[in-house]
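A short write-up of the structure that comes next.
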Amino acid sequence: MPRQLTDAEYQRLLELRTGLRHFLRWSEEQAAAAGLTAAQHQLLLAVRGHGHPAGPTIGDVAGALLLRHHSAVGLVDRAVKAGLIIRHEDTDDRRVVRLTLTSLGADILTLLSTTHLEELERLAPKMRELWP
């Protein structure tokens with residue numbers, strides 16, 4: 001049986017979820033202002049933030065973005081066509097295709113990531129109040 005929640009806990013949960021939704025809406029607007037969809041922004045971040053030095057595979061990106069493989073393929077196809085990322089063979093296993101950012105993709109991601117980190121720093125005190 002779940003424990004009884006207080007009114008204050010419900011209010012904190014609401015404020016947290018509302019804050020997250022505002023941040024995500026703001027993020028979508030920032031991506032649009034940079035000429036990207038929110039999904040393209042997330043794709044660029046998934047490619048750049050992946051730990052493998054040669055870049056992620058499409059499967060890695062699908063996992064990071066919570067997409068089915070075929071949906072990730074379509075997103076990657078559109079990003080390649082837009083000049084944001086490139087596909088290349090893995091140097092150790094030619095059957096594996098890896099993804100890397102183009103200079104255009106890297107420049108746009110740097111701009112977006114800088115503004116996102118600034119916004120998160122601005123929001124951090126409020127988030128700490130909600131979830132100490």
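Identifiers in this document derive from the order of the structure tokens: chains are assigned A, B, ..., residues are numbered from 1 separately in each chain, and ligands are numbered from 1 in order of occurrence.
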**Asked** Do you know which residues are at most 12 Å from Gly74 of chain A counting only C-alpha atoms, after dropping those on the same chain fewer than 4 positions away, and could you put them as JSON, numbers by chain?
**Response** {"A": [39, 40, 43, 58, 61, 62, 67, 68, 69, 70, 78, 79, 80, 81]}
Within 12 Å of Ala124 of chain A using only C-alpha atoms, minus same-chain residues under 5 positions, as a PDB file with C-alpha atoms, in the first residue's frame:
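Now in around25.pdb:
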ATOM      1  CA  LEU A  16       8.570  20.036 -10.854  1.00  0.00           C
ATOM      2  CA  GLY A  19       9.013  23.400 -14.620  1.00  0.00           C
ATOM      3  CA  LEU A  20      10.205  20.499 -16.765  1.00  0.00           C
ATOM      4  CA  PHE A  23      12.079  23.958 -19.913  1.00  0.00           C
ATOM      5  CA  HIS A 116      20.850  25.385 -22.340  1.00  0.00           C
ATOM      6  CA  LEU A 117      23.541  25.194 -19.677  1.00  0.00           C
ATOM      7  CA  GLU A 118      22.968  28.847 -18.831  1.00  0.00           C
ATOM      8  CA  GLU A 119      19.240  28.217 -18.493  1.00  0.00           C
ATOM      9  CA  GLU A 129      14.064  24.017  -3.493  1.00  0.00           C
ATOM     10  CA  LEU A 130      11.611  21.525  -4.980  1.00  0.00           C
ATOM     11  CA  TRP A 131      13.783  18.481  -4.464  1.00  0.00           C
ATOM     12  CA  PRO A 132      16.322  19.038  -1.674  1.00  0.00           C
TER      13      PRO A 132
END
**Prompt:** Could you pull out the strand (DSSP E or B) residues of segment 75-129 of chain A from DSSP and send them as a PyMOL selection string?
**Reply:** chain A and resi 85-89+97-101
**Asked** Suppose you want the space between atom CA of Val47 of chain A and atom CA of Leu101 of chain A; what is it in Å?
**Response**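 Value for the atom CA of Val47 of chain A-atom CA of Leu101 of chain A distance: 7.0 Å.
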**Asked** For Gly105 of chain A, which residue out of A:His52, A:His41, A:Lys126, A:Arg12 is the nearest one, using only C-alpha atoms?
**Response** A:His41
**Request:** Once DSSP has gone over the backbone, tell me which residues of chain A are in alpha helix (DSSP H), as number ranges by chain.
**Result:** A: 7-33, 38-49, 58-65, 69-81, 103-130
Same residues, C-alpha atoms, output as an mmCIF file, in the first residue's frame:
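That gives us selection_6.cif:
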data_model
loop_
_atom_site.group_PDB
_atom_site.id
_atom_site.type_symbol
_atom_site.label_atom_id
_atom_site.label_comp_id
_atom_site.auth_asym_id
_atom_site.auth_seq_id
_atom_site.Cartn_x
_atom_site.Cartn_y
_atom_site.Cartn_z
ATOM 1 C CA ASP A 7 -0.581 18.430 -0.064
ATOM 2 C CA ALA A 8 2.913 19.954 -0.105
ATOM 3 C CA GLU A 9 4.325 16.850 -1.848
ATOM 4 C CA TYR A 10 1.653 17.033 -4.519
ATOM 5 C CA GLN A 11 2.419 20.736 -4.978
ATOM 6 C CA ARG A 12 6.169 20.023 -5.302
ATOM 7 C CA LEU A 13 5.499 17.318 -7.877
ATOM 8 C CA LEU A 14 3.266 19.670 -9.843
ATOM 9 C CA GLU A 15 5.863 22.452 -9.733
ATOM 10 C CA LEU A 16 8.570 20.036 -10.854
ATOM 11 C CA ARG A 17 6.552 18.667 -13.767
ATOM 12 C CA THR A 18 5.421 22.159 -14.774
ATOM 13 C CA GLY A 19 9.013 23.400 -14.620
ATOM 14 C CA LEU A 20 10.205 20.499 -16.765
ATOM 15 C CA ARG A 21 7.489 21.166 -19.331
ATOM 16 C CA HIS A 22 8.425 24.864 -19.455
ATOM 17 C CA PHE A 23 12.079 23.958 -19.913
ATOM 18 C CA LEU A 24 11.251 21.517 -22.714
ATOM 19 C CA ARG A 25 9.035 24.081 -24.456
ATOM 20 C CA TRP A 26 11.818 26.679 -24.124
ATOM 21 C CA SER A 27 14.296 24.125 -25.510
ATOM 22 C CA GLU A 28 12.071 23.442 -28.525
ATOM 23 C CA GLU A 29 11.869 27.190 -29.190
ATOM 24 C CA GLN A 30 15.662 27.514 -28.984
ATOM 25 C CA ALA A 31 16.100 24.638 -31.433
ATOM 26 C CA ALA A 32 13.591 26.197 -33.832
ATOM 27 C CA ALA A 33 15.385 29.551 -33.631
ATOM 28 C CA ALA A 38 13.619 19.399 -31.217
ATOM 29 C CA ALA A 39 14.360 15.853 -32.445
ATOM 30 C CA GLN A 40 17.316 17.076 -34.518
ATOM 31 C CA HIS A 41 18.681 18.918 -31.490
ATOM 32 C CA GLN A 42 18.399 15.756 -29.397
ATOM 33 C CA LEU A 43 20.063 13.751 -32.168
ATOM 34 C CA LEU A 44 23.024 16.131 -32.302
ATOM 35 C CA LEU A 45 23.376 15.915 -28.544
ATOM 36 C CA ALA A 46 23.139 12.106 -28.629
ATOM 37 C CA VAL A 47 25.884 11.957 -31.264
ATOM 38 C CA ARG A 48 28.199 14.426 -29.503
ATOM 39 C CA GLY A 49 27.523 13.163 -25.995
ATOM 40 C CA ILE A 58 22.156 4.311 -35.086
ATOM 41 C CA GLY A 59 21.181 1.727 -32.463
ATOM 42 C CA ASP A 60 23.010 3.745 -29.807
ATOM 43 C CA VAL A 61 21.173 6.889 -30.888
ATOM 44 C CA ALA A 62 17.835 5.075 -30.947
ATOM 45 C CA GLY A 63 18.436 3.945 -27.371
ATOM 46 C CA ALA A 64 19.416 7.409 -26.177
ATOM 47 C CA LEU A 65 16.390 9.021 -27.816
ATOM 48 C CA HIS A 69 15.525 1.712 -34.859
ATOM 49 C CA HIS A 70 13.621 2.559 -38.041
ATOM 50 C CA SER A 71 12.499 5.907 -36.588
ATOM 51 C CA ALA A 72 16.114 6.730 -35.723
ATOM 52 C CA VAL A 73 17.151 5.826 -39.283
ATOM 53 C CA GLY A 74 14.652 8.340 -40.671
ATOM 54 C CA LEU A 75 15.839 11.037 -38.275
ATOM 55 C CA VAL A 76 19.475 10.342 -39.192
ATOM 56 C CA ASP A 77 18.635 10.373 -42.920
ATOM 57 C CA ARG A 78 17.092 13.828 -42.592
ATOM 58 C CA ALA A 79 20.021 15.112 -40.514
ATOM 59 C CA VAL A 80 22.527 13.812 -43.071
ATOM 60 C CA LYS A 81 20.560 15.512 -45.838
ATOM 61 C CA SER A 103 31.176 21.307 -38.537
ATOM 62 C CA LEU A 104 27.713 22.846 -39.104
ATOM 63 C CA GLY A 105 26.113 20.374 -36.688
ATOM 64 C CA ALA A 106 28.856 20.955 -34.117
ATOM 65 C CA ASP A 107 28.528 24.740 -34.360
ATOM 66 C CA ILE A 108 24.751 24.677 -33.916
ATOM 67 C CA LEU A 109 24.998 22.211 -31.028
ATOM 68 C CA THR A 110 27.615 24.346 -29.280
ATOM 69 C CA LEU A 111 25.364 27.389 -29.524
ATOM 70 C CA LEU A 112 22.332 25.496 -28.223
ATOM 71 C CA SER A 113 24.252 23.707 -25.483
ATOM 72 C CA THR A 114 25.731 26.950 -24.185
ATOM 73 C CA THR A 115 22.304 28.560 -23.856
ATOM 74 C CA HIS A 116 20.850 25.385 -22.340
ATOM 75 C CA LEU A 117 23.541 25.194 -19.677
ATOM 76 C CA GLU A 118 22.968 28.847 -18.831
ATOM 77 C CA GLU A 119 19.240 28.217 -18.493
ATOM 78 C CA LEU A 120 19.814 25.149 -16.316
ATOM 79 C CA GLU A 121 22.115 27.164 -14.055
ATOM 80 C CA ARG A 122 19.343 29.742 -13.744
ATOM 81 C CA LEU A 123 16.791 27.035 -12.890
ATOM 82 C CA ALA A 124 19.020 25.033 -10.515
ATOM 83 C CA PRO A 125 18.189 26.992 -7.318
ATOM 84 C CA LYS A 126 14.450 26.535 -7.864
ATOM 85 C CA MET A 127 14.895 22.820 -8.590
ATOM 86 C CA ARG A 128 16.921 22.394 -5.406
ATOM 87 C CA GLU A 129 14.064 24.017 -3.493
ATOM 88 C CA LEU A 130 11.611 21.525 -4.980
#
**Prompt:** Which one of A:Gly51, A:Pro2, A:Pro56, A:Gly35 sits closest to Leu99 of chain A if you count only C-alpha atoms?
**Reply:** A:Pro56
**Request:** Quote the spacing between atom CA of Glu89 of chain A and atom CA of Ala54 of chain A in Å to one decimal place.
**Result:**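 One can read the atom CA of Glu89 of chain A to atom CA of Ala54 of chain A distance as 9.3 Å.
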**Request:** Between atom CA of Pro53 of chain A and atom CA of Gly83 of chain A, measure the distance and give it in Å to one decimal.
**Result:**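 One can read the atom CA of Pro53 of chain A to atom CA of Gly83 of chain A distance as 20.6 Å.
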